[in-house]
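Structure first, then comments.
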Amino acid sequence: MKKPHAIFLIIFAIVLSAHAQGNPPLRLIHTTPLPGIQGDLEHFAYDLKGNRLFLGTEDHKTVEVFNLRTGERLHSITGFKAPPHALLYLPKANELLVTAGDGVGMVDVFSGDDYKLVKTIDLLPGVDCALYDPATKYYYVQSGIDDPSWKTHYLHIIDTETLKHIGDIILPGSHSEAMAIDHATDLLYVNLTRVDEVGVVDLKKRQLVATWPLTDAHAREPVPMAIDAPNHRLFIATRHPAKLIVFDTDTGKIIATFPCVSENDDMTFDRGRKRIYISGNGAVGVYEERDPDHYVHIADVPSAYRTKTHVFVPELNRLYVGACGKFKPGTLLKLLIFQIEP
């Protein structure tokens, strides 16, 4: 009985591989060159109704504005005191929030009408990653100097309706990266990058209540994160080595690991297709969730040098990816637009 089963699995793997090669899950449909910009690109936001895409440039210290559908470069928002990192567009207020930090820390608020600065919310130094909770309309903004001597850092809580800093959550280590929220449990998960753990935060208590070490995965430096909350699965990716790791959120246990693209910085779970997209150096890795306990690697779709960040726009079935130029002088930065295939 075992032999026919093994033969079936081999045939299935061959068919799956042939399907992936013949029908890639992502198709490049447009490239927008970004002459005059050097260094690293940061994160995205989009305005579906206004047909705009926003992209932060870390070293150039601007936010670039594009036509969401054509990719045409429309405008550069300038005047930042520190490198911009995470972006949040608020449709109701027609405002763009930009986390900016290095030796200083702040959230800059811009008008969506004329891109003028409306307000600056001052925070602690080292502001970087952030996550918006549409249920509470709170914006969780990480800050902290990425230095081993720092034993703790913060998640600042911004009320986006009043644009006020209303509280803080203390986290271990000097720096953290991506976050995800399970609204059914009011738990926020965060990659505690400098202590190589996943942190679990009770949002009602505003306290860290658990940590999950990466020891069993033999991996360090967790950066991007995504969640399949209904199925109690959390996805993270590490950089040393580059791995995709799947956690059971009920137990905190690792249930699967895969090699993945290096220099990863963004991850998305496509709920409609049950796919995971991870952007990194030279490719976008695509994985499929067959069921909560079984995952397969579909393809590494070629992209460009240092394509670390992306945003998924499900309404358009598109993935927007930023190609950087840091550490490689003369590299032309660009925006890549991929159509997501069935």
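We label chains A, B, ... in the order they appear in the structure tokens, count residues from 1 in each chain, and number ligands from 1 in the order shown.
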
Q.
Please list as a ChimeraX atom specification every residue within 7 Å of A:Gly167, counting only C-alpha atoms and excluding residues in the same chain fewer than 2 positions away.
A. /A:156-157,165

Q. Neighbours of A:Val301 within 10 Å (only C-alpha atoms; same-chain residues fewer than 4 positions away dropped), as a ChimeraX atom specification?
A. /A:20-21,24-28,279,282-286,338

**Q.** Which of stretch 32-277 of chain A fall in strand (DSSP E or B), as a ChimeraX atom specification
**A.** /A:32-33,41-47,52-57,62-67,73-77,84-90,95-101,105-111,117-122,130-133,138-143,152-159,164-172,179-182,187-192,197-202,207-213,220-228,233-240,242-248,253-259,266-270,275-277

Which polymer residues have any atom within 10 Å of an atom of stretch 39-51 of chain A, counting only C-alpha atoms, with same-chain residues fewer than 3 positions away left out, as a compact mmCIF listing (two decimals) with C-alpha atoms, in the first residue's frame?
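Written out: around-v3.txt:
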```
# COMPACT_ATOMS: atom_id res chain seq x y z
CA PHE A 54 2.52 56.05 -2.01
CA LEU A 55 6.09 54.81 -1.53
CA GLY A 56 8.63 55.99 1.06
CA THR A 57 12.29 56.47 0.10
CA GLU A 58 14.52 56.01 3.13
CA ASP A 59 17.79 57.54 1.99
CA HIS A 60 16.27 60.08 -0.41
CA LYS A 61 13.82 61.23 2.34
CA THR A 62 10.72 61.60 0.19
CA VAL A 63 7.38 59.93 -0.32
CA GLU A 64 6.75 59.26 -4.00
CA VAL A 65 3.20 59.38 -5.33
CA PHE A 66 2.11 57.26 -8.33
CA ASN A 67 -1.00 56.61 -10.35
CA LEU A 68 -2.26 53.36 -8.82
CA ARG A 69 -3.41 51.88 -12.12
CA THR A 70 -0.82 53.08 -14.62
CA PRO A 83 13.94 58.99 6.87
CA PRO A 84 10.32 57.97 6.19
CA HIS A 85 9.45 54.35 6.91
CA ALA A 86 5.85 53.13 7.33
CA LEU A 87 2.92 54.82 5.56
CA LEU A 88 -0.80 54.88 6.34
CA TYR A 89 -3.49 56.49 4.19
CA LEU A 90 -6.77 57.41 5.94
CA PRO A 91 -9.55 57.67 3.32
CA ASN A 94 -7.89 62.13 3.28
CA GLU A 95 -4.62 62.20 5.19
CA LEU A 96 -1.31 60.38 4.85
CA LEU A 97 0.56 59.39 8.03
CA VAL A 98 4.30 58.79 7.70
CA GLY A 112 -4.19 64.30 0.81
CA CYS A 129 7.54 50.06 11.59
CA ASP A 265 11.08 42.92 4.40
CA ASP A 266 7.37 42.51 3.57
CA ARG A 306 16.85 44.31 -3.43
CA THR A 307 13.09 44.17 -3.99
CA LYS A 308 12.42 44.07 -0.26
CA THR A 309 9.08 45.83 0.15
CA HIS A 310 5.65 45.46 -1.43
CA VAL A 311 1.96 46.13 -1.00
CA PHE A 312 -0.91 43.87 -2.08
CA VAL A 313 -3.99 45.60 -3.53
CA GLU A 315 -9.23 45.10 -5.33
CA LEU A 316 -6.94 45.22 -8.38
CA TYR A 320 3.43 46.52 -6.13
CA VAL A 321 7.14 45.98 -5.42
CA GLY A 322 9.97 48.48 -4.84
CA ALA A 323 13.43 47.75 -6.30
CA CYS A 324 16.22 49.47 -4.30
CA GLY A 325 19.82 50.34 -5.07
CA LYS A 326 21.61 50.35 -1.72
CA PHE A 327 25.15 48.87 -1.71
CA LYS A 328 25.15 48.76 -5.53
CA PRO A 329 26.11 52.15 -7.01
CA THR A 331 21.52 50.75 -9.86
CA LEU A 332 18.35 52.32 -11.24
CA LEU A 333 15.57 52.19 -8.67
CA LYS A 334 12.12 51.29 -9.95
CA LEU A 335 8.55 50.38 -9.13
```

(Q) Quick check, in Å to one decimal: how far apart do atom CA of A:Tyr139 and atom CA of A:His75 lie? (A) 25.4 Å

(Q) Would you compute the distance between atom CA of A:Val200 and atom CA of A:Glu221? Give it in Å to one decimal. (A) 16.7 Å

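Atom pair atom CA of A:Arg275 / atom CA of A:Gly199 has a distance of 23.9 Å (rounded to one decimal).
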
Using only C-alpha atoms, determine which residues lie at most 6 Å from A:Phe235, disregarding the query and same-chain residues fewer than 5 positions distant; provide the list as a short mmCIF file (atom, residue, chain, number, x, y, z; two decimals) with N, CA and C atoms, in the first residue's frame.
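Output saved as part02.cif:
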```
data_model
loop_
_atom_site.label_atom_id
_atom_site.label_comp_id
_atom_site.auth_asym_id
_atom_site.auth_seq_id
_atom_site.Cartn_x
_atom_site.Cartn_y
_atom_site.Cartn_z
N MET A 225 5.88 39.75 8.67
CA MET A 225 4.89 38.92 9.35
C MET A 225 3.56 39.04 8.64
N ALA A 226 2.75 37.96 8.69
CA ALA A 226 1.37 37.98 8.20
C ALA A 226 0.59 36.97 9.04
N ILE A 227 -0.74 37.03 8.94
CA ILE A 227 -1.56 36.17 9.79
C ILE A 227 -2.75 35.62 9.02
N ILE A 245 8.50 30.72 8.48
CA ILE A 245 8.16 29.90 9.64
C ILE A 245 6.68 30.06 9.93
N VAL A 246 5.99 28.94 10.13
CA VAL A 246 4.55 28.93 10.41
C VAL A 246 4.34 28.54 11.87
#
```

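When only C-alpha atoms are used to measure the gap to A:Tyr295, the shortest distance among A:Ala242, A:Val261, A:Ile255, A:Met267 belongs to A:Ile255.
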
Q: Using only C-alpha atoms, determine which residues lie at most 12 Å from A:Lys253, disregarding the query and same-chain residues fewer than 2 positions distant; provide the list as a ChimeraX atom specification.
A: /A:198,211-217,232-235,245-251,255-257
